[in-house]
$ cat run11.cif   # mmCIF, C-alpha atoms and all ligand atoms
data_run
loop_
_atom_site.label_atom_id
_atom_site.label_comp_id
_atom_site.auth_asym_id
_atom_site.auth_seq_id
_atom_site.Cartn_x
_atom_site.Cartn_y
_atom_site.Cartn_z
CA MET A 519 143.68 110.06 113.77
CA LYS A 520 144.19 110.39 117.50
CA ILE A 521 146.73 112.69 119.13
CA PHE A 522 148.21 111.74 122.49
CA LEU A 523 150.60 113.81 124.59
CA ASP A 524 153.84 112.01 125.49
CA THR A 525 154.39 113.69 128.86
CA ALA A 526 153.68 113.46 132.58
CA ASP A 527 153.76 117.23 133.04
CA VAL A 528 150.25 117.69 134.45
CA GLU A 529 150.22 121.47 133.96
CA ALA A 530 151.36 121.11 130.34
CA ILE A 531 148.55 118.61 129.73
CA ARG A 532 145.99 120.82 131.50
CA ALA A 533 147.06 123.81 129.36
CA ARG A 534 146.31 121.87 126.18
CA ILE A 535 143.12 120.00 127.14
CA ASP A 536 140.92 122.88 125.95
CA SER A 537 142.39 122.63 122.46
CA GLY A 538 140.15 119.60 122.03
CA PHE A 539 143.05 117.67 120.50
CA VAL A 540 144.35 115.74 123.50
CA ASP A 541 142.85 112.31 122.87
CA GLY A 542 145.07 110.60 125.43
CA VAL A 543 148.45 110.56 127.15
CA THR A 544 151.42 108.22 127.12
CA THR A 545 154.10 108.02 129.78
CA ASN A 546 157.26 106.04 130.31
CA PRO A 547 159.78 105.82 133.18
CA SER A 548 161.92 108.70 131.83
CA ILE A 549 158.87 110.91 131.46
CA ILE A 550 157.72 110.05 135.00
CA MET A 551 161.22 110.87 136.29
CA LYS A 552 161.08 114.30 134.61
CA SER A 553 157.75 115.06 136.35
CA GLY A 554 159.59 115.06 139.70
CA LYS A 555 156.61 113.35 141.38
CA PRO A 556 156.09 109.80 142.70
CA PHE A 557 154.77 107.46 140.00
CA GLU A 558 151.39 106.69 141.57
CA THR A 559 150.68 110.33 142.40
CA VAL A 560 151.34 111.65 138.91
CA ALA A 561 149.73 108.68 137.15
CA ARG A 562 146.50 109.10 139.13
CA GLU A 563 146.48 112.87 138.47
CA ILE A 564 146.74 112.29 134.72
CA LEU A 565 144.17 109.46 134.74
CA GLU A 566 141.72 111.83 136.40
CA LEU A 567 142.51 114.84 134.22
CA VAL A 568 142.38 113.14 130.82
CA PRO A 569 139.18 111.41 129.71
CA GLY A 570 141.00 109.41 127.01
CA ASP A 571 143.45 106.53 127.31
CA VAL A 572 146.48 107.03 129.55
CA SER A 573 149.39 104.62 129.14
CA ILE A 574 151.35 103.81 132.30
CA GLU A 575 154.28 101.46 132.20
CA ALA A 576 154.74 98.26 134.23
CA MET A 577 158.40 98.01 135.20
CA SER A 578 158.62 94.38 136.34
CA THR A 579 160.81 92.13 134.24
CA THR A 580 159.35 88.62 134.67
CA CYS A 581 156.05 87.50 133.18
CA ASP A 582 154.38 86.69 136.52
CA GLU A 583 155.45 89.98 138.07
CA MET A 584 154.33 91.92 134.99
CA ILE A 585 150.90 90.30 135.19
CA ALA A 586 150.50 91.15 138.88
CA GLU A 587 151.77 94.70 138.38
CA SER A 588 149.58 95.29 135.32
CA ARG A 589 146.45 94.16 137.19
CA GLN A 590 147.32 96.58 139.97
CA LEU A 591 148.01 99.51 137.59
CA ALA A 592 144.84 98.80 135.61
CA SER A 593 142.80 99.24 138.80
CA TRP A 594 143.89 102.91 139.00
CA GLY A 595 141.42 104.01 136.34
CA LYS A 596 139.06 102.82 133.62
CA ASN A 597 141.14 104.74 131.08
CA ALA A 598 144.41 103.11 132.18
CA VAL A 599 146.28 101.29 129.43
CA ILE A 600 149.27 99.27 130.58
CA LYS A 601 152.55 99.58 128.75
CA LEU A 602 154.57 96.39 128.57
CA PRO A 603 158.01 96.09 126.98
CA MET A 604 158.87 94.22 123.79
CA THR A 605 160.56 91.32 125.58
CA ARG A 606 159.79 87.59 125.69
CA ASP A 607 158.24 87.99 129.13
CA GLY A 608 156.38 91.11 128.02
CA ILE A 609 154.82 89.28 125.10
CA LYS A 610 153.86 86.31 127.29
CA ALA A 611 152.27 88.61 129.88
CA LEU A 612 150.46 90.46 127.07
CA SER A 613 148.90 87.27 125.74
CA ILE A 614 147.50 86.44 129.20
CA LEU A 615 146.36 89.96 130.12
CA SER A 616 144.68 90.62 126.78
CA GLN A 617 142.24 87.82 127.64
CA GLU A 618 141.29 89.61 130.85
CA ASP A 619 140.23 92.81 129.13
CA ILE A 620 143.30 94.67 130.32
CA ARG A 621 144.40 96.84 127.41
CA ILE A 622 148.09 96.65 126.66
CA ASN A 623 150.33 99.10 124.82
CA LEU A 624 153.32 97.03 123.70
CA THR A 625 156.18 99.47 123.65
CA MET A 626 159.67 99.87 122.20
CA VAL A 627 158.69 98.14 118.97
CA ALA A 628 161.36 98.69 116.31
CA SER A 629 160.71 96.04 113.65
CA LEU A 630 157.89 94.48 111.65
CA ASN A 631 158.55 91.09 113.26
CA GLN A 632 158.14 92.55 116.75
CA ALA A 633 154.93 94.30 115.65
CA MET A 634 153.62 90.99 114.28
CA LEU A 635 154.28 89.23 117.62
CA ALA A 636 152.59 92.08 119.51
CA CYS A 637 149.50 91.83 117.28
CA LYS A 638 149.31 88.04 117.54
CA ALA A 639 149.54 88.25 121.34
CA GLY A 640 146.59 90.68 121.45
CA ALA A 641 148.06 94.15 121.92
CA HIS A 642 145.55 97.01 121.95
CA TYR A 643 148.28 99.47 120.95
CA VAL A 644 151.65 98.85 119.30
CA SER A 645 154.12 101.69 119.94
CA ILE A 646 156.67 102.06 117.16
CA ILE A 647 159.61 104.22 118.18
CA VAL A 648 160.07 106.01 114.90
CA GLY A 649 162.60 108.68 115.96
CA ARG A 650 164.81 106.15 117.69
CA ILE A 651 164.76 103.90 114.61
CA ASP A 652 165.64 106.86 112.38
CA ALA A 653 168.55 107.68 114.69
CA THR A 654 170.16 104.31 113.85
CA GLY A 655 170.14 105.22 110.15
CA ALA A 656 167.15 102.97 109.39
CA ASP A 657 163.73 104.22 108.28
CA GLY A 658 161.19 104.28 111.13
CA MET A 659 158.31 105.02 108.79
CA GLU A 660 159.07 101.92 106.76
CA VAL A 661 158.35 99.85 109.88
CA VAL A 662 155.09 101.78 110.29
CA ARG A 663 153.99 101.29 106.68
CA ASP A 664 154.86 97.59 106.79
CA THR A 665 153.03 97.16 110.11
CA ARG A 666 149.92 98.89 108.76
CA ALA A 667 149.95 96.62 105.71
CA MET A 668 150.48 93.55 107.91
CA MET A 669 147.51 94.52 110.10
CA ARG A 670 145.27 94.92 107.05
CA GLU A 671 146.48 91.70 105.44
CA TYR A 672 145.86 89.56 108.53
CA GLY A 673 142.93 91.46 110.05
CA PHE A 674 144.64 92.51 113.30
CA ASP A 675 142.73 95.28 115.03
CA ALA A 676 145.57 96.72 117.14
CA GLN A 677 146.25 100.44 116.76
CA ILE A 678 149.68 101.80 115.91
CA ILE A 679 151.02 104.55 118.16
CA ILE A 680 153.85 106.52 116.60
CA GLY A 681 156.31 107.19 119.42
CA SER A 682 159.65 109.00 119.62
CA VAL A 683 158.26 111.75 117.42
CA ARG A 684 160.96 114.37 116.88
CA THR A 685 159.50 116.75 114.28
CA PRO A 686 156.19 117.89 112.74
CA ASN A 687 157.31 116.03 109.63
CA HIS A 688 157.10 112.77 111.57
CA VAL A 689 153.44 113.60 112.18
CA MET A 690 152.77 114.21 108.49
CA MET A 691 154.47 110.94 107.60
CA SER A 692 152.38 109.17 110.24
CA ILE A 693 149.19 110.54 108.66
CA ARG A 694 150.31 109.36 105.23
CA ALA A 695 151.16 105.92 106.61
CA GLY A 696 147.68 105.61 108.16
CA ALA A 697 148.87 105.31 111.77
CA GLN A 698 145.93 105.53 114.15
CA VAL A 699 147.75 107.51 116.89
CA VAL A 700 150.71 109.86 117.24
CA THR A 701 152.05 110.63 120.69
CA LEU A 702 153.75 114.00 120.89
CA GLY A 703 155.89 116.02 123.23
CA THR A 704 154.38 119.43 123.87
CA ALA A 705 156.83 121.18 121.52
CA VAL A 706 155.78 119.15 118.47
CA PHE A 707 152.11 119.33 119.53
CA ASP A 708 152.32 123.14 119.57
CA GLN A 709 154.12 123.20 116.22
CA LEU A 710 151.18 121.45 114.50
CA TYR A 711 149.40 124.81 114.31
CA ASP A 712 152.25 126.70 112.70
CA HIS A 713 153.70 127.27 109.25
CA PRO A 714 155.99 130.18 108.25
CA LEU A 715 153.90 130.86 105.12
CA THR A 716 150.74 131.19 107.22
CA GLU A 717 152.49 133.57 109.59
CA ALA A 718 154.00 135.71 106.81
CA GLY A 719 150.73 135.85 104.85
CA LEU A 720 148.68 136.86 107.89
CA GLU A 721 151.23 139.48 108.87
CA GLN A 722 151.00 141.03 105.41
CA PHE A 723 147.17 140.97 105.51
CA ALA A 724 147.21 142.71 108.91
CA LYS A 725 149.55 145.44 107.58
CA ASP A 726 147.47 145.96 104.43
CA TRP A 727 144.27 146.09 106.47
CA GLN A 728 145.73 148.83 108.65
CA ALA A 729 146.37 150.82 105.46
CA VAL A 730 142.74 150.30 104.42
CA GLU A 731 141.49 151.47 107.83
CA ASN A 732 143.71 154.58 107.67
CA ARG A 733 142.18 155.74 104.35
C1 LIG B 1 156.68 105.29 123.36
O1 LIG B 1 156.33 104.14 123.63
C2 LIG B 1 157.83 105.81 124.03
O2 LIG B 1 157.73 105.73 125.43
C3 LIG B 1 158.12 107.23 123.73
O3 LIG B 1 157.39 107.77 122.66
C4 LIG B 1 159.59 107.29 123.55
O4 LIG B 1 159.95 108.57 123.30
P1 LIG B 1 161.47 109.02 123.34
O5 LIG B 1 162.21 108.27 122.27
O6 LIG B 1 161.39 110.47 123.10
O7 LIG B 1 162.00 108.65 124.71
#

$ encode --input "run11.cif" --output "structure tokens"
Amino acid sequence: MKIFLDTADVEAIRARIDSGFVDGVTTNPSIIMKSGKPFETVAREILELVPGDVSIEAMSTTCDEMIAESRQLASWGKNAVIKLPMTRDGIKALSILSQEDIRINLTMVASLNQAMLACKAGAHYVSIIVGRIDATGADGMEVVRDTRAMMREYGFDAQIIIGSVRTPNHVMMSIRAGAQVVTLGTAVFDQLYDHPLTEAGLEQFAKDWQAVENR
């Protein structure tokens, strides 16, 4: 399983690179806005810092414009993956770009039907927005499980990215569902290491060991 960071905070990424667990980065317009930097500046910084795949989003809305913009963004780095939206134009642009060896992350996928269209059109990654689906009262992980089964059944080789991850439990459910990638905010990334039982047990061991040393 791959772990991506869902952030454009370059210092936050840099601080976690040494963990060995940052397999890539995903961004979106909101994340770029939060970075406070111009899009191209921050995107190029991340593309240089991270050896793995970095998703940067094309913001055009028509197929022709998306194609032109994606070609431009893809030239920024070998590890650039272009995010296109789950729209009719996005899917059309995806089917053309995937034949040019430009890797596309089809984003904002919220249903099995959308995931099927993304796979048929040649997506490299399919981003399922699990937390946002859950927030509507539906079950985001059901879409993930169904998509995984659909990919196996029909032999699609796209990879699922679990997006909109809100809790460490979303990560555990992603592992169980066989998703290839989770993309995490730094808070959830950091929480992967922790468990209250681990903390309490180690605290007790440290106390007991002090007693042994004081004998
Ligand atoms: C993924 O494609 C999305 O850009 C991202 O994970 C969405 O996260 P959010 O729901 O926290 O904005």

$ residues_around --input "run11.cif" --residues "A:Asp524" --least-positions-apart "6" --cutoff "8 Å" --atoms "all atoms listed in the file" --output "PDB file with C-alpha atoms, in the frame of the given file"
ATOM      1  CA  VAL A 543     148.450 110.560 127.150  1.00  0.00           C
ATOM      2  CA  THR A 544     151.420 108.220 127.120  1.00  0.00           C
ATOM      3  CA  THR A 545     154.100 108.020 129.780  1.00  0.00           C
ATOM      4  CA  ILE A 549     158.870 110.910 131.460  1.00  0.00           C
ATOM      5  CA  THR A 701     152.050 110.630 120.690  1.00  0.00           C
ATOM      6  CA  LEU A 702     153.750 114.000 120.890  1.00  0.00           C
ATOM      7  CA  GLY A 703     155.890 116.020 123.230  1.00  0.00           C
ATOM      8  CA  THR A 704     154.380 119.430 123.870  1.00  0.00           C
TER       9      THR A 704
END

$ atom_distance --input "run11.cif" --atom1 "atom CA of A:Asn687" --atom2 "atom CA of A:Pro569"
27.4 Å

$ closest_residue --input "run11.cif" --among "A:Ala697, A:Met634, A:Cys581, A:Ile651" --to "A:Asp607" --atoms "all atoms listed in the file"
A:Cys581

$ residues_near_ligand --input "run11.cif" --ligand "ligand LIG 1 (chain B)" --cutoff "9 Å" --atoms "only C-alpha atoms and all ligand atoms" --output "MDAnalysis selection string"
chainID A and resid 524 544:549 573 575 601 603 623:627 644:650 679:684 700:703

$ closest_residue --input "run11.cif" --among "A:Ile535, A:Ala636, A:Ile574, A:Ala526" --to "A:Lys552" --atoms "all atoms listed in the file"
A:Ala526

$ axis_aligned_box --input "run11.cif" --around "stretch 576-587 of chain A" --padding-each-side "8 Å" --output "lines of an AutoDock Vina configuration file"
center_x = 155.7
center_y = 92.5
center_z = 136.0
size_x = 26.3
size_y = 27.6
size_z = 21.7

$ residues_around --input "run11.cif" --residues "A:Ser588" --least-positions-apart "6" --cutoff "10 Å" --atoms "all atoms listed in the file" --output "PyMOL selection string"
chain A and resi 574-578+582+598-602+611-612+615+620-622

$ closest_residue --input "run11.cif" --among "A:Met659, A:Ile609, A:Ala561, A:Val540" --to "A:Ile521" --atoms "all atoms listed in the file"
A:Val540

$ closest_residue --input "run11.cif" --among "A:Phe539, A:Phe674, A:Trp594, A:Tyr711" --to "A:Tyr643" --atoms "all atoms listed in the file"
A:Phe674

$ decode --input "run11.cif" --residues "stretch 531-553 of chain A" --atoms "N, CA and C atoms" --output "mmCIF file, in the first residue's frame"
data_model
loop_
_atom_site.group_PDB
_atom_site.id
_atom_site.type_symbol
_atom_site.label_atom_id
_atom_site.label_comp_id
_atom_site.auth_asym_id
_atom_site.auth_seq_id
_atom_site.Cartn_x
_atom_site.Cartn_y
_atom_site.Cartn_z
ATOM 1 N N ILE A 531 5.775 18.514 4.311
ATOM 2 C CA ILE A 531 6.205 17.344 3.516
ATOM 3 C C ILE A 531 7.663 17.032 3.834
ATOM 4 N N ARG A 532 8.504 18.089 3.802
ATOM 5 C CA ARG A 532 9.943 17.896 4.070
ATOM 6 C C ARG A 532 10.162 17.220 5.430
ATOM 7 N N ALA A 533 9.363 17.630 6.431
ATOM 8 C CA ALA A 533 9.532 17.093 7.786
ATOM 9 C C ALA A 533 9.181 15.607 7.863
ATOM 10 N N ARG A 534 8.442 15.115 6.892
ATOM 11 C CA ARG A 534 8.007 13.714 6.952
ATOM 12 C C ARG A 534 8.687 12.804 5.924
ATOM 13 N N ILE A 535 9.490 13.401 5.031
ATOM 14 C CA ILE A 535 10.153 12.613 3.980
ATOM 15 C C ILE A 535 11.040 11.524 4.586
ATOM 16 N N ASP A 536 11.766 11.887 5.658
ATOM 17 C CA ASP A 536 12.705 10.941 6.272
ATOM 18 C C ASP A 536 12.019 9.745 6.911
ATOM 19 N N SER A 537 10.730 9.845 7.145
ATOM 20 C CA SER A 537 10.011 8.693 7.716
ATOM 21 C C SER A 537 10.076 7.499 6.768
ATOM 22 N N GLY A 538 10.299 7.794 5.485
ATOM 23 C CA GLY A 538 10.317 6.713 4.491
ATOM 24 C C GLY A 538 8.931 6.301 4.035
ATOM 25 N N PHE A 539 7.907 6.985 4.534
ATOM 26 C CA PHE A 539 6.527 6.584 4.203
ATOM 27 C C PHE A 539 5.810 7.528 3.245
ATOM 28 N N VAL A 540 6.512 8.555 2.770
ATOM 29 C CA VAL A 540 5.842 9.485 1.852
ATOM 30 C C VAL A 540 6.086 9.002 0.413
ATOM 31 N N ASP A 541 5.138 8.228 -0.090
ATOM 32 C CA ASP A 541 5.297 7.647 -1.427
ATOM 33 C C ASP A 541 4.887 8.611 -2.528
ATOM 34 N N GLY A 542 4.230 9.698 -2.156
ATOM 35 C CA GLY A 542 3.787 10.668 -3.154
ATOM 36 C C GLY A 542 2.988 11.764 -2.472
ATOM 37 N N VAL A 543 2.510 12.701 -3.275
ATOM 38 C CA VAL A 543 1.738 13.839 -2.748
ATOM 39 C C VAL A 543 0.561 14.089 -3.683
ATOM 40 N N THR A 544 -0.558 14.489 -3.094
ATOM 41 C CA THR A 544 -1.690 14.949 -3.903
ATOM 42 C C THR A 544 -2.017 16.384 -3.491
ATOM 43 N N THR A 545 -2.441 17.166 -4.479
ATOM 44 C CA THR A 545 -2.869 18.532 -4.174
ATOM 45 C C THR A 545 -4.222 18.755 -4.838
ATOM 46 N N ASN A 546 -4.854 19.820 -4.463
ATOM 47 C CA ASN A 546 -6.072 20.270 -5.140
ATOM 48 C C ASN A 546 -6.121 21.793 -4.977
ATOM 49 N N PRO A 547 -7.047 22.482 -5.617
ATOM 50 C CA PRO A 547 -7.045 23.947 -5.562
ATOM 51 C C PRO A 547 -7.139 24.499 -4.136
ATOM 52 N N SER A 548 -7.916 23.846 -3.271
ATOM 53 C CA SER A 548 -8.051 24.334 -1.891
ATOM 54 C C SER A 548 -6.726 24.196 -1.145
ATOM 55 N N ILE A 549 -6.066 23.088 -1.384
ATOM 56 C CA ILE A 549 -4.779 22.828 -0.738
ATOM 57 C C ILE A 549 -3.729 23.830 -1.222
ATOM 58 N N ILE A 550 -3.746 24.125 -2.530
ATOM 59 C CA ILE A 550 -2.806 25.109 -3.087
ATOM 60 C C ILE A 550 -3.095 26.484 -2.459
ATOM 61 N N MET A 551 -4.387 26.821 -2.324
ATOM 62 C CA MET A 551 -4.757 28.109 -1.732
ATOM 63 C C MET A 551 -4.169 28.230 -0.321
ATOM 64 N N LYS A 552 -4.311 27.127 0.462
ATOM 65 C CA LYS A 552 -3.817 27.151 1.845
ATOM 66 C C LYS A 552 -2.302 27.341 1.917
ATOM 67 N N SER A 553 -1.580 26.931 0.870
ATOM 68 C CA SER A 553 -0.105 27.059 0.896
ATOM 69 C C SER A 553 0.319 28.520 0.870
#
